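**Q** Quick one, model00.cif (mmCIF, C-alpha atoms):
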```
data_target
#
loop_
_atom_site.label_atom_id
_atom_site.label_comp_id
_atom_site.auth_asym_id
_atom_site.auth_seq_id
_atom_site.Cartn_x
_atom_site.Cartn_y
_atom_site.Cartn_z
CA MET A 10 -186.94 -80.88 -11.01
CA HIS A 11 -190.19 -79.73 -12.51
CA GLU A 12 -189.55 -81.73 -15.67
CA SER A 13 -188.96 -84.92 -13.65
CA TYR A 14 -192.21 -84.37 -11.77
CA VAL A 15 -194.13 -83.99 -15.04
CA LEU A 16 -192.62 -87.15 -16.49
CA ALA A 17 -193.41 -89.11 -13.34
CA THR A 18 -197.01 -87.86 -13.39
CA LYS A 19 -197.43 -88.89 -17.02
CA ALA A 20 -196.00 -92.33 -16.26
CA ARG A 21 -198.46 -92.82 -13.38
CA ARG A 22 -201.37 -91.71 -15.56
CA SER A 23 -200.27 -94.03 -18.38
CA LYS A 24 -199.97 -96.92 -15.95
CA ARG A 25 -203.43 -96.22 -14.51
CA LEU A 26 -204.86 -96.02 -18.08
CA ARG A 27 -203.31 -99.35 -19.04
CA PHE A 28 -204.65 -100.87 -15.85
CA LYS A 29 -208.16 -99.54 -16.59
CA ILE A 30 -207.98 -100.84 -20.15
CA TYR A 31 -206.90 -104.24 -18.87
CA ILE A 32 -209.72 -104.33 -16.27
CA TRP A 33 -212.40 -103.21 -18.71
CA GLY A 34 -211.07 -105.50 -21.43
CA THR A 35 -211.15 -108.44 -19.05
CA PHE A 36 -214.65 -107.47 -17.95
CA PHE A 37 -216.00 -107.31 -21.51
CA LEU A 38 -214.28 -110.56 -22.44
CA VAL A 39 -215.82 -112.33 -19.45
CA LEU A 40 -219.17 -110.74 -20.30
CA LEU A 41 -218.90 -111.88 -23.92
CA LEU A 42 -217.91 -115.43 -22.97
CA SER A 43 -220.70 -115.55 -20.40
CA GLY A 44 -223.16 -114.40 -23.03
CA PHE A 45 -222.03 -117.12 -25.44
CA TYR A 46 -222.21 -119.67 -22.64
CA PHE A 47 -225.78 -118.77 -21.69
CA LEU A 48 -226.88 -118.57 -25.34
CA ARG A 49 -225.45 -122.02 -25.92
CA THR A 50 -226.64 -123.76 -22.76
CA LEU A 51 -229.99 -122.22 -21.86
CA SER A 52 -232.83 -124.47 -23.04
CA VAL A 53 -234.95 -121.48 -24.03
CA PHE A 54 -232.71 -121.02 -27.08
CA ARG A 55 -232.79 -124.65 -28.18
CA VAL A 56 -234.98 -125.41 -31.17
CA SER A 57 -236.29 -128.38 -33.09
CA VAL A 58 -235.61 -128.37 -36.83
CA LEU A 59 -238.65 -129.37 -38.90
CA LEU A 60 -238.51 -130.30 -42.57
CA LYS A 61 -241.22 -130.02 -45.19
CA GLY A 62 -241.22 -130.93 -48.87
CA LEU A 63 -238.80 -133.86 -48.76
CA ASP A 64 -239.45 -137.51 -49.57
CA ASN A 65 -238.98 -140.24 -46.99
CA GLY A 66 -235.33 -141.06 -46.46
CA GLU A 67 -234.05 -137.70 -47.74
CA GLU A 68 -234.12 -135.83 -44.43
CA LYS A 69 -230.82 -137.04 -42.99
CA GLN A 70 -228.78 -136.31 -46.11
CA PHE A 71 -230.47 -132.94 -46.59
CA LEU A 72 -229.72 -131.82 -43.02
CA ALA A 73 -226.11 -132.91 -43.36
CA SER A 74 -225.76 -130.86 -46.53
CA VAL A 75 -227.45 -127.81 -44.99
CA GLN A 76 -225.27 -127.95 -41.89
CA THR A 77 -222.14 -128.15 -44.02
CA HIS A 78 -223.17 -124.99 -45.87
CA ILE A 79 -224.40 -122.78 -43.03
CA PHE A 80 -222.48 -123.91 -39.94
CA ASN A 81 -219.19 -122.53 -41.17
CA THR A 82 -219.32 -119.27 -39.21
CA PHE A 83 -217.85 -118.67 -35.76
CA LEU A 84 -221.25 -117.87 -34.25
CA ALA A 85 -222.95 -120.98 -35.61
CA ARG A 86 -220.08 -123.27 -34.61
CA THR A 87 -219.97 -121.76 -31.13
CA LEU A 88 -223.70 -121.91 -30.42
CA GLY A 89 -224.30 -125.33 -31.99
CA GLN A 90 -226.81 -126.73 -34.43
CA GLU A 91 -229.77 -126.74 -32.04
CA ASN A 92 -229.53 -123.05 -31.16
CA TYR A 93 -232.11 -120.57 -32.42
CA PHE A 94 -229.50 -117.95 -33.33
CA SER A 95 -227.38 -120.38 -35.34
CA TRP A 96 -229.96 -120.63 -38.10
CA PRO A 97 -229.97 -117.85 -40.73
CA LYS A 98 -233.11 -116.24 -42.11
CA GLU A 99 -232.27 -117.39 -45.63
CA ILE A 100 -230.63 -120.53 -47.02
CA PRO A 101 -229.70 -120.69 -50.71
CA PRO A 102 -230.43 -123.87 -52.71
CA ILE A 103 -227.81 -126.45 -51.78
CA SER A 104 -228.20 -128.70 -54.82
CA SER A 105 -229.32 -128.51 -58.43
CA ARG A 106 -232.54 -130.42 -57.60
CA ILE A 107 -233.74 -127.72 -55.18
CA ALA A 108 -235.46 -124.54 -56.39
CA LYS A 109 -235.51 -122.76 -53.02
CA ILE A 110 -235.47 -123.25 -49.25
CA ASP A 111 -237.81 -121.15 -47.10
CA VAL A 112 -236.77 -120.64 -43.47
CA SER A 113 -239.42 -119.95 -40.83
CA LYS A 114 -238.10 -119.37 -37.29
CA ASN A 115 -240.49 -119.33 -34.31
CA PHE A 116 -238.82 -118.34 -31.05
CA PHE A 117 -241.86 -119.00 -28.84
CA GLU A 118 -242.50 -122.47 -30.27
CA ARG A 119 -238.74 -123.12 -30.38
CA THR A 120 -238.84 -124.39 -33.95
CA VAL A 121 -237.07 -123.77 -37.22
CA LEU A 122 -239.12 -124.92 -40.21
CA LEU A 123 -237.30 -125.53 -43.48
CA THR A 124 -239.68 -125.79 -46.45
CA VAL A 125 -237.96 -127.27 -49.48
CA SER A 126 -239.29 -126.59 -52.97
CA LYS A 127 -237.86 -129.01 -55.52
CA LYS A 128 -237.53 -128.49 -59.23
CA ASN A 129 -240.03 -130.47 -61.29
CA LEU A 130 -238.62 -133.63 -62.82
CA SER A 131 -239.41 -133.91 -66.52
CA GLY A 132 -237.60 -137.10 -67.39
CA ILE A 133 -234.43 -139.17 -67.35
CA TRP A 134 -231.54 -138.74 -69.77
CA CYS A 135 -229.22 -141.72 -70.16
CA ALA A 136 -225.80 -141.50 -71.78
CA VAL A 137 -222.61 -143.60 -71.57
CA SER A 138 -224.10 -146.05 -69.04
CA GLN A 139 -225.25 -143.27 -66.66
CA CYS A 140 -228.70 -141.77 -66.23
CA PHE A 141 -229.65 -138.31 -64.95
CA TRP A 142 -232.81 -136.48 -63.89
CA PHE A 143 -233.58 -133.35 -65.92
CA ASP A 144 -236.16 -130.59 -65.45
CA ASN A 145 -238.51 -128.85 -67.89
CA GLU A 146 -235.74 -126.45 -68.93
CA GLY A 147 -233.28 -129.19 -69.80
CA MET A 148 -231.11 -128.69 -66.71
CA VAL A 149 -229.36 -131.80 -65.40
CA LEU A 150 -230.40 -132.16 -61.76
CA ASP A 151 -228.85 -135.31 -60.35
CA LEU A 152 -227.97 -138.93 -61.02
CA ALA A 153 -231.12 -141.00 -61.57
CA PRO A 154 -231.76 -144.53 -60.31
CA SER A 155 -232.64 -147.49 -62.48
CA THR A 156 -235.01 -146.49 -65.26
CA GLU A 157 -237.18 -149.59 -64.84
CA GLY A 158 -240.66 -148.81 -63.59
CA GLN A 159 -240.29 -145.05 -64.05
CA LEU A 160 -243.38 -143.14 -65.14
CA LEU A 161 -241.37 -140.25 -66.58
CA PRO A 162 -239.97 -140.31 -70.13
CA VAL A 163 -236.52 -141.83 -70.57
CA ILE A 164 -234.24 -140.73 -73.42
CA TYR A 165 -231.19 -142.76 -74.39
CA GLU A 166 -228.47 -140.77 -76.09
CA GLU A 167 -226.19 -142.54 -78.53
CA GLY A 168 -222.65 -141.21 -78.55
CA GLU A 169 -219.97 -140.10 -76.11
CA PHE A 170 -221.63 -137.01 -74.63
CA VAL A 171 -221.77 -137.13 -70.83
CA PRO A 172 -224.24 -134.80 -69.03
CA LEU A 173 -222.94 -132.74 -66.11
CA VAL A 174 -225.03 -132.24 -62.99
CA GLY A 175 -226.01 -128.58 -62.70
CA ALA A 176 -225.42 -127.89 -66.40
CA PRO A 177 -227.90 -127.76 -69.31
CA LEU A 178 -228.22 -130.66 -71.70
CA PHE A 179 -228.15 -128.14 -74.57
CA PRO A 180 -226.51 -124.71 -74.39
CA ASN A 181 -228.37 -123.05 -77.27
CA GLY A 182 -232.04 -123.65 -76.52
CA GLU A 183 -232.49 -126.85 -78.54
CA PHE A 184 -234.13 -128.52 -75.56
CA SER A 185 -237.35 -126.55 -76.08
CA VAL A 186 -237.88 -128.46 -79.34
CA ILE A 187 -237.05 -131.79 -77.70
CA SER A 188 -239.50 -131.02 -74.90
CA LYS A 189 -242.20 -130.23 -77.44
CA ILE A 190 -241.56 -133.45 -79.40
CA MET A 191 -241.81 -135.49 -76.18
CA LYS A 192 -245.02 -133.73 -75.17
CA GLU A 193 -246.61 -134.29 -78.57
CA LEU A 194 -245.60 -137.96 -78.71
CA PHE A 195 -247.04 -138.80 -75.29
CA ALA A 196 -250.25 -136.91 -76.08
CA ARG A 197 -251.12 -139.37 -78.86
CA PRO A 198 -252.65 -142.88 -78.65
CA ILE A 199 -249.39 -144.72 -79.24
CA LEU A 200 -247.20 -146.87 -77.01
CA ILE A 201 -243.57 -145.82 -76.98
CA LYS A 202 -241.03 -148.55 -76.32
CA LYS A 203 -237.87 -146.45 -76.49
CA LEU A 204 -236.79 -142.86 -77.13
CA SER A 205 -233.29 -142.21 -78.49
CA PHE A 206 -231.36 -139.05 -79.29
CA LEU A 207 -228.66 -138.74 -81.97
CA ARG A 208 -226.64 -135.63 -81.11
CA ASP A 209 -224.54 -135.68 -84.27
CA ARG A 210 -227.68 -135.74 -86.43
CA GLN A 211 -229.83 -133.63 -84.05
CA GLU A 212 -232.64 -136.20 -84.20
CA ILE A 213 -235.10 -137.84 -81.82
CA VAL A 214 -235.98 -141.45 -82.67
CA ALA A 215 -239.11 -143.07 -81.18
CA LEU A 216 -239.52 -146.84 -81.37
CA LEU A 217 -243.13 -147.88 -80.80
CA ASP A 218 -244.36 -151.17 -79.33
CA SER A 219 -245.78 -151.99 -82.75
CA GLY A 220 -242.27 -151.88 -84.24
CA LEU A 221 -242.81 -148.58 -86.05
CA THR A 222 -239.88 -146.14 -85.96
CA LEU A 223 -240.49 -142.36 -85.97
CA ARG A 224 -237.71 -139.84 -86.61
CA PHE A 225 -237.92 -136.12 -85.78
CA SER A 226 -235.41 -133.32 -86.23
CA ILE A 227 -234.81 -130.78 -83.45
CA ARG A 228 -233.60 -128.18 -85.98
CA PHE A 229 -237.12 -126.83 -86.57
CA ASP A 230 -240.50 -126.60 -84.88
CA PRO A 231 -242.28 -130.00 -85.05
CA ASP A 232 -245.84 -128.68 -85.49
CA VAL A 233 -245.95 -129.47 -89.23
CA SER A 234 -244.46 -132.92 -88.60
CA PHE A 235 -247.10 -133.83 -86.05
CA ALA A 236 -249.88 -132.48 -88.26
CA ALA A 237 -248.72 -134.95 -90.92
CA PHE A 238 -248.42 -137.71 -88.33
CA ASP A 239 -252.00 -137.08 -87.19
CA GLU A 240 -253.19 -137.51 -90.77
CA LEU A 241 -251.46 -140.90 -90.96
CA LEU A 242 -253.06 -141.91 -87.66
CA ALA A 243 -256.51 -140.80 -88.81
CA GLN A 244 -256.18 -142.74 -92.05
CA GLY A 245 -254.97 -145.85 -90.20
CA LYS A 246 -251.93 -146.12 -92.48
CA ILE A 247 -249.28 -146.50 -89.81
CA ALA A 248 -250.38 -150.08 -89.11
CA ASN A 249 -248.64 -151.13 -92.33
CA MET A 250 -245.56 -148.96 -91.92
CA ASN A 251 -242.14 -149.76 -90.49
CA TYR A 252 -240.57 -146.32 -90.67
CA VAL A 253 -241.71 -142.68 -90.82
CA ASP A 254 -239.13 -139.89 -91.24
CA PHE A 255 -240.03 -136.26 -90.36
CA THR A 256 -236.44 -134.97 -90.35
CA VAL A 257 -236.86 -132.80 -93.46
CA GLN A 258 -239.05 -129.77 -92.83
CA GLY A 259 -242.34 -129.96 -94.71
CA LYS A 260 -241.77 -133.51 -95.98
CA VAL A 261 -242.55 -137.05 -94.82
CA TYR A 262 -240.72 -140.20 -95.84
CA VAL A 263 -242.35 -143.55 -95.15
CA LYS A 264 -241.44 -147.17 -95.57
#
```
Could you render the structure as structure tokens?

**A**
Amino acid sequence: MHESYVLATKARRSKRLRFKIYIWGTFFLVLLLSGFYFLRTLSVFRVSVLLKGLDNGEEKQFLASVQTHIFNTFLARTLGQENYFSWPKEIPPISSRIAKIDVSKNFFERTVLLTVSKKNLSGIWCAVSQCFWFDNEGMVLDLAPSTEGQLLPVIYEEGEFVPLVGAPLFPNGEFSVISKIMKELFARPILIKKLSFLRDRQEIVALLDSGLTLRFSIRFDPDVSFAAFDELLAQGKIANMNYVDFTVQGKVYVK
């Protein structure tokens, strides 16, 4: 008799506990859903997204890319793209052309400011009928448009090598020599018609408007080569030359 009474008491207590859990669970669920609803619908949480550091016409594509990267969480998808709490405090670079993205959120002004810092473009590298932007470290940033009218240097590579966006043009640091050769060439009073690169020979070839061809090796520092080139310029001898070869360290071959 006593044992039956104890079992019945435990059953009633268990039933009351389950009922309380159900009530409180329902309460918290309704509270949570209500909170999400008010966060999503109240205008006080709606913000305007401002962009800084982009060129005209880039804003729409940039926002689409950003939204694809950051609105993949439950909170962001639930609250929507115009909600203050959907936007994170930090956004990593979303493409190889971007160095960083600074996020500045202002609750009282209801704004989210995204300041985009791009990598500096150093030139255009063309290979196998495609052209690519590259930066001062030789990193391939993106496909480049037509090279006509560009103020940046354009290098045409002969061969079958195809640059990959987001990858370096050279894995072993050779680009530092190429960058120096380009800098030295454009610092001199000459007009360059075309720059070519021969990967198999590791050479840069510069064709001048005058018809003169200059060849430089990227296997060694070009300081000695340009010192010799400056002597030829100072003596006015290049006017009668068709070809100058600096590909052997410490020597100059002319024609």

**Q** Residues near Ser185 (chain A), anyone? I mean within 9 Å using only C-alpha atoms, not counting same-chain ones fewer than 2 positions away, as a list in words.

**A**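 Residues meeting the cut-off are Asn145, Glu146, Gly147, Gly182, Glu183, Ile187, Ser188, Lys189, Ile190 and Ile227 of chain A.
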
**Q** Dump as JSON, numbers by chain all residues having an atom at most 12 Å from (-233.5, -121.1, -49.6), computed in the file's coordinates with only C-alpha atoms.

**A** {"A": [75, 78, 79, 97, 98, 99, 100, 101, 102, 103, 104, 107, 108, 109, 110, 111, 112, 113, 122, 123, 124, 125, 126, 127]}

**Q** Rounded to one decimal in Å, what is the spacing between CA of Asn129 (chain A) and CA of Phe143 (chain A)?

**A**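 Rounded to one decimal, the two atoms are 8.4 Å apart.
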
**Q** Expand the PyMOL selection byres ((chain A and resi 199) around 10) into the explicit residue set it covers here, and present it as a PyMOL selection string.

**A** chain A and resi 194-198+200-202+217-219+242

**Q** Which one is closest to Gly89 (chain A): A:Leu150, A:Val56, A:Val121, A:Leu204? Count all atoms listed in the file.

**A**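 Closest candidate: A:Val56.
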
**Q** Quick one, how far is CA of Leu241 (chain A) from CA of Ile213 (chain A)?

**A**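 Between CA of Leu241 (chain A) and CA of Ile213 (chain A) the gap works out to 19.0 Å.
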
**Q** Using only C-alpha atoms, find all polymer residues with an atom at most 10 Å away from the point (-236.0, -133.2, -89.3); report them as a PDB file with C-alpha atoms, in the coordinates of the input.

**A**
```pdb
ATOM      1  CA  ARG A 210    -227.680-135.740 -86.430  1.00  0.00           C
ATOM      2  CA  GLN A 211    -229.830-133.630 -84.050  1.00  0.00           C
ATOM      3  CA  GLU A 212    -232.640-136.200 -84.200  1.00  0.00           C
ATOM      4  CA  ILE A 213    -235.100-137.840 -81.820  1.00  0.00           C
ATOM      5  CA  ARG A 224    -237.710-139.840 -86.610  1.00  0.00           C
ATOM      6  CA  PHE A 225    -237.920-136.120 -85.780  1.00  0.00           C
ATOM      7  CA  SER A 226    -235.410-133.320 -86.230  1.00  0.00           C
ATOM      8  CA  ILE A 227    -234.810-130.780 -83.450  1.00  0.00           C
ATOM      9  CA  ARG A 228    -233.600-128.180 -85.980  1.00  0.00           C
ATOM     10  CA  PHE A 229    -237.120-126.830 -86.570  1.00  0.00           C
ATOM     11  CA  ASP A 230    -240.500-126.600 -84.880  1.00  0.00           C
ATOM     12  CA  PRO A 231    -242.280-130.000 -85.050  1.00  0.00           C
ATOM     13  CA  SER A 234    -244.460-132.920 -88.600  1.00  0.00           C
ATOM     14  CA  ASP A 254    -239.130-139.890 -91.240  1.00  0.00           C
ATOM     15  CA  PHE A 255    -240.030-136.260 -90.360  1.00  0.00           C
ATOM     16  CA  THR A 256    -236.440-134.970 -90.350  1.00  0.00           C
ATOM     17  CA  VAL A 257    -236.860-132.800 -93.460  1.00  0.00           C
ATOM     18  CA  GLN A 258    -239.050-129.770 -92.830  1.00  0.00           C
ATOM     19  CA  GLY A 259    -242.340-129.960 -94.710  1.00  0.00           C
ATOM     20  CA  LYS A 260    -241.770-133.510 -95.980  1.00  0.00           C
ATOM     21  CA  VAL A 261    -242.550-137.050 -94.820  1.00  0.00           C
TER      22      VAL A 261
END
```
